[in-house]
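Just below is one structure, and these are the notes that go with it.
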Amino acid sequence: MVIPAEPRDTAKPSCARAMPLYEVIVVGLGAVGSAATWHLARLGTKVLGIDRYKPPHEFGSSTGETRLTRVAVGEGVEYSPLALRSNEIWREIETTTGHSAAASPSLGTQTSRWSAVMEASAERYNIPHEIFRSADALRSRFPQFAVNGTEVGFLDKGGGYLFLEACIRTQLRSAEDCGAELKFGEKVVTINPSAFGVTVTTDSGERYDAEKLLLAVGAWMPGFLPERLRQYFTVTRQFLHWFEIQTNPERFSKDCPVFIWEVNRKSILYGFPLVGDLGAGLKVANEESEGTVDPNSVDRTVSEADKTKMYETYVRPFLPDLGPRSIKTAVCLYTNAPAARFVIDTHPEHERVIFASPCSGHGFKHSAAIGEALADELRNCPPKVDLSPFDLRHLSSSR
């Protein structure tokens with residue numbers, strides 16, 4: 001779907017409706033959309049949230065129980081303020097609502113080419129951390145990881161993990177408590193400029209008017225953008241695995257750090273401490289960058305061959321305490337932009353529409369702060385964190 005360009009001559013509103021029905025419509029209620037809807041509602045905005053499914057659900061990017069957090073962010077120092085503010089918001093959610101959204105803070109370990117950037121982030125924002133300059137030091141502290149002789153480590157003491165479905169569910173519940181209206185099971189088919197600002201039509205034939213609109217549709221974003229921008233986005237299928245722990249289960253207890261590990265030039269392995277009982281298995285995954293998919297028709301099955309490949313390539317050589325039995329699998333989607341950038345800006349063909357694609361595989365940890373900042377921008381208020389590093393100018397220059 002391409003949003004029609006803003007008309008040059010906009011007719012005056014009829015007397016039948018002097019004001020738009022909503023101040024803001026949010027399309028897509030995943031990580032960012034649910035956060036933005038909640039922040040808009042708590043600020044007194046008349047907001048409507050629409051999603052083609054009922055979040056949290058398994059069809060997009062926000063599925064699979066947990067997401068890791070890190071505040072010394074290797075993708076760039078400009079991301080750290082988002083992560084730091086998001087951590088504050090997760091704690092506020094737990095305190096004010098009584099609903100658990102985040103795990104107790106745990107440690108994040110990094111062994112990757114991003115070490116220099118993480119060190120710069122930690123220094124700039126006073127992030128507690130520990131650096132392991134040798135593989136021997138890493139092995140001594142974390143024997144569960146079979147590191148080679150050249151690897152180094154960065155322990156981000158502000159890192160940890162989030163229960164992502166709980167985060168989304170709690171934000172949507174809180175948004176409703178603050179007066180937001182939510183529509184589930186409705187697919188947006190057209191977004192048009194109108195005398196009121198924006199008119200949205202769904203597949204059920206319903207029409208909704210608002211002054212402004214936020215697009216936070218994840219893997220479906222390319223379909224809402226002009227052809228010239230679609231080239232910057234690719235959607236890939238990512239497998240999540242829970243493998244059995246055969247030996248030394250104590251190494252993967254709550255004291256085990258979340259980890260993200262550049263195991264080769266093509267891929268990153270990441271994982272979590274044991275969540276739940278031993279029979280639940282340990283969640284691990286690698287980032288797949290090949291093979292684009294259509295979110296409407298993607299195959300969401302994980303074959304036995306996929307499980308075997310994951311174990312032989314990424315688990316057995318690096319996590320020797322894990323066995324070959326896959327207890328559970330899931331599939332999520334990445335919406336990738338060049339240089340793993342976030343892309344957040346005004347829609348180039350409609351000044352009343354903001355679109356947000358803060359993904360590229362590392363978006364959830366930042367989503368609370370991004371949602372808050374977008375809510376502020378939609379209300380013409382100064383945001384608490386700066387989103388300008390993620391506008392379209394930076395996207396075109398990152399190729």
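The chains in the structure tokens are called A, B, ... from first to last as shown; in each chain the residues are counted from 1, and the ligands are counted from 1 in the order shown.
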Could the residues of stretch 221-264 of chain A that have an atom at most 9 Å from stretch 338-354 of chain A be listed as CSV, each with its closest atom pair and the distance in Å to one decimal, counting only C-alpha atoms and ordered by chain and ascending residue number?
```
residue,atom,partner,partner_atom,distance
A:Leu225,CA,A:His347,CA,7.7
A:Pro226,CA,A:Glu349,CA,8.0
A:Tyr232,CA,A:Pro338,CA,6.6
A:Phe233,CA,A:Pro338,CA,7.7
```
What does the file look like for those residues with N, CA and C atoms, as a tab-separated table (two decimals), in the first residue's frame?
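New file out_15.tsv:
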```
chain	number	residue	atom	x	y	z
A	225	LEU	N	5.25	2.43	2.21
A	225	LEU	CA	6.20	3.46	1.82
A	225	LEU	C	6.27	3.59	0.31
A	226	PRO	N	6.71	4.75	-0.18
A	226	PRO	CA	6.90	4.91	-1.62
A	226	PRO	C	7.93	3.93	-2.17
A	232	TYR	N	15.35	0.14	0.66
A	232	TYR	CA	16.20	0.18	1.85
A	232	TYR	C	15.83	-0.87	2.89
A	233	PHE	N	14.70	-1.54	2.70
A	233	PHE	CA	14.20	-2.45	3.73
A	233	PHE	C	14.11	-3.88	3.20
```
Excluding A:Ala135 and its own-chain neighbours fewer than 4 positions away, which residues fall within 9 Å of it when counting only C-alpha atoms? Please give them as a short mmCIF file (atom, residue, chain, number, x, y, z; two decimals) with N, CA and C atoms, in the first residue's frame.
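So the final result, stored in selection34.cif, reads:
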```cif
data_model
loop_
_atom_site.label_atom_id
_atom_site.label_comp_id
_atom_site.auth_asym_id
_atom_site.auth_seq_id
_atom_site.Cartn_x
_atom_site.Cartn_y
_atom_site.Cartn_z
N ARG A 139 37.05 -17.34 29.71
CA ARG A 139 36.78 -18.75 30.06
C ARG A 139 36.74 -18.94 31.57
N SER A 140 37.61 -18.24 32.26
CA SER A 140 37.65 -18.38 33.72
C SER A 140 36.36 -17.87 34.36
N VAL A 147 35.02 -20.14 24.15
CA VAL A 147 35.63 -19.07 23.35
C VAL A 147 36.95 -19.56 22.78
N ASN A 148 37.36 -18.94 21.66
CA ASN A 148 38.65 -19.32 21.07
C ASN A 148 39.76 -18.45 21.64
N GLY A 149 40.95 -18.56 21.08
CA GLY A 149 42.10 -17.90 21.67
C GLY A 149 42.22 -16.42 21.39
N THR A 150 41.35 -15.87 20.54
CA THR A 150 41.49 -14.47 20.15
C THR A 150 40.35 -13.59 20.64
N GLU A 151 39.34 -14.16 21.25
CA GLU A 151 38.16 -13.39 21.58
C GLU A 151 38.33 -12.57 22.86
N VAL A 152 37.64 -11.44 22.87
CA VAL A 152 37.61 -10.57 24.04
C VAL A 152 36.15 -10.39 24.44
N GLY A 153 35.93 -9.82 25.61
CA GLY A 153 34.56 -9.68 26.07
C GLY A 153 34.30 -8.33 26.71
#
```
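Using only C-alpha atoms, the smallest distance between any of A:Asp321, A:Glu377, A:Glu165, A:Glu288 and A:Lys54 comes from A:Glu165.
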Report the closest atom pair, with its distance in Å rounded to one decimal, for each residue of stretch 352-389 of chain A that has an atom no farther than 12 Å from stretch 88-98 of chain A; count only C-alpha atoms, sort by chain and then rising residue number, and write it as CSV.
```
residue,atom,partner,partner_atom,distance
A:Phe364,CA,A:Trp90,CA,11.7
A:Lys365,CA,A:Trp90,CA,9.9
A:His366,CA,A:Ile89,CA,10.3
A:Ser367,CA,A:Ile89,CA,10.0
A:Ala368,CA,A:Ile89,CA,6.5
A:Ala369,CA,A:Ile89,CA,7.3
A:Ile370,CA,A:Ile89,CA,10.8
A:Gly371,CA,A:Ile89,CA,10.5
A:Glu372,CA,A:Ile89,CA,9.1
A:Ala373,CA,A:Ile89,CA,11.9
A:Lys384,CA,A:Ile89,CA,11.8
```
Dump as a PDB file, in the first residue's frame, selection limited to C-alpha atoms:
```pdb
ATOM      1  CA  PHE A 364      12.899  -4.099  21.352  1.00  0.00           C
ATOM      2  CA  LYS A 365      15.277  -2.881  24.042  1.00  0.00           C
ATOM      3  CA  HIS A 366      14.768   0.688  22.778  1.00  0.00           C
ATOM      4  CA  SER A 367      11.041   0.522  22.095  1.00  0.00           C
ATOM      5  CA  ALA A 368       9.735   2.037  25.328  1.00  0.00           C
ATOM      6  CA  ALA A 369      11.769   5.224  24.910  1.00  0.00           C
ATOM      7  CA  ILE A 370      11.007   5.451  21.196  1.00  0.00           C
ATOM      8  CA  GLY A 371       7.281   5.127  21.883  1.00  0.00           C
ATOM      9  CA  GLU A 372       7.492   7.868  24.499  1.00  0.00           C
ATOM     10  CA  ALA A 373       9.459  10.164  22.180  1.00  0.00           C
ATOM     11  CA  LYS A 384      13.040  13.151  26.207  1.00  0.00           C
TER      12      LYS A 384
END
```
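Residues lying within 9 Å of A:Leu215, counting only C-alpha atoms and ignoring same-chain neighbours fewer than 6 positions away, are Ile25, Val26, Val27, Gly28, Gly33, Met221, Phe224, Val353, Ile354, Phe355, Ala356 and Ser357 of chain A.
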Same residues, C-alpha atoms, saved as a PDB file, in the first residue's frame:
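That gives us selection.pdb:
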```
ATOM      1  CA  ILE A  25      -4.297   6.916  15.258  1.00  0.00           C
ATOM      2  CA  VAL A  26      -1.550   4.352  15.838  1.00  0.00           C
ATOM      3  CA  VAL A  27      -1.383   1.571  13.246  1.00  0.00           C
ATOM      4  CA  GLY A  28       0.478  -1.473  14.583  1.00  0.00           C
ATOM      5  CA  GLY A  33       3.047   0.964  18.762  1.00  0.00           C
ATOM      6  CA  MET A 221       6.286  -1.237   6.716  1.00  0.00           C
ATOM      7  CA  PHE A 224       3.221   1.588   3.300  1.00  0.00           C
ATOM      8  CA  VAL A 353       1.999  10.689   9.156  1.00  0.00           C
ATOM      9  CA  ILE A 354       5.081   9.559  11.096  1.00  0.00           C
ATOM     10  CA  PHE A 355       6.518   6.143  10.349  1.00  0.00           C
ATOM     11  CA  ALA A 356       8.784   4.220  12.709  1.00  0.00           C
ATOM     12  CA  SER A 357      10.875   1.211  11.738  1.00  0.00           C
TER      13      SER A 357
END
```
Test item: residues at most 9 Å from stretch 238-251 of chain A, only C-alpha atoms, excluding those fewer than 2 positions along its chain, as a VMD selection string: chain A and resid 64 142 to 144 236 253 to 256 273 to 274 278 to 289 300 302 306 to 307 310 to 311 315 320 to 334
Point-to-point distance from atom CA of A:Pro358 to atom CA of A:Asn336, Å rounded to tenths: 9.1 Å
Selected residue of minimal separation from A:Leu84 among A:Ala195, A:Ala41, A:Ala122, A:Ala219, counting only C-alpha atoms: A:Ala122
Could you pull out the alpha helix (DSSP H) residues of stretch 303-373 of chain A from DSSP and send them as number ranges by chain? A: 304-310, 367-373
Within stretch 120-322 of chain A, find each residue whose DSSP state, derived from the backbone, is strand (DSSP E), and express the selection as a PyMOL selection string. chain A and resi 129-132+153-156+160-163+181-184+188-193+198-202+207-215+234-245+258-262+268-271+282-286+322
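Distances from A:Glu206, A:Glu130, A:Asp294, A:Glu119 to A:Pro222 were compared using only C-alpha atoms, and the smallest one belongs to A:Asp294.
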Fewer than 6 positions away in the same chain doesn't count, so skip those; otherwise give me all residues within 9 Å of A:Thr45, counting only C-alpha atoms, as a PDB file with N, CA and C atoms, in the first residue's frame.
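Heads up, here's the output in out_10.pdb:
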```
ATOM      1  N   TYR A  22     -10.409  11.381  16.377  1.00  0.00           N
ATOM      2  CA  TYR A  22      -9.245  11.099  17.230  1.00  0.00           C
ATOM      3  C   TYR A  22      -8.163  12.138  16.980  1.00  0.00           C
ATOM      4  N   GLU A  23      -7.362  12.358  17.989  1.00  0.00           N
ATOM      5  CA  GLU A  23      -6.192  13.197  17.789  1.00  0.00           C
ATOM      6  C   GLU A  23      -5.085  12.427  17.085  1.00  0.00           C
ATOM      7  N   VAL A  24      -4.900  11.159  17.467  1.00  0.00           N
ATOM      8  CA  VAL A  24      -3.863  10.322  16.863  1.00  0.00           C
ATOM      9  C   VAL A  24      -4.415   8.920  16.654  1.00  0.00           C
ATOM     10  N   HIS A  39       1.752   5.973  26.042  1.00  0.00           N
ATOM     11  CA  HIS A  39       2.233   7.303  26.413  1.00  0.00           C
ATOM     12  C   HIS A  39       1.279   8.383  25.922  1.00  0.00           C
ATOM     13  N   GLY A 179      -7.651   5.435  28.805  1.00  0.00           N
ATOM     14  CA  GLY A 179      -8.658   5.946  27.887  1.00  0.00           C
ATOM     15  C   GLY A 179      -8.439   5.663  26.420  1.00  0.00           C
ATOM     16  N   ALA A 180      -7.370   4.962  26.048  1.00  0.00           N
ATOM     17  CA  ALA A 180      -7.152   4.631  24.641  1.00  0.00           C
ATOM     18  C   ALA A 180      -8.212   3.650  24.154  1.00  0.00           C
ATOM     19  N   ARG A 379       2.476  15.181  19.817  1.00  0.00           N
ATOM     20  CA  ARG A 379       1.807  16.230  20.595  1.00  0.00           C
ATOM     21  C   ARG A 379       2.568  17.568  20.503  1.00  0.00           C
TER      22      ARG A 379
END
```
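Closest approach to A:Phe390 from the set A:Gly76, A:Trp38, A:Arg169, A:Gly223 is made by A:Gly76, with distances taken over only C-alpha atoms.
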Straight-line distance linking atom CA of A:Pro56 with atom CA of A:Leu29, stated in Å to one decimal: 8.3 Å
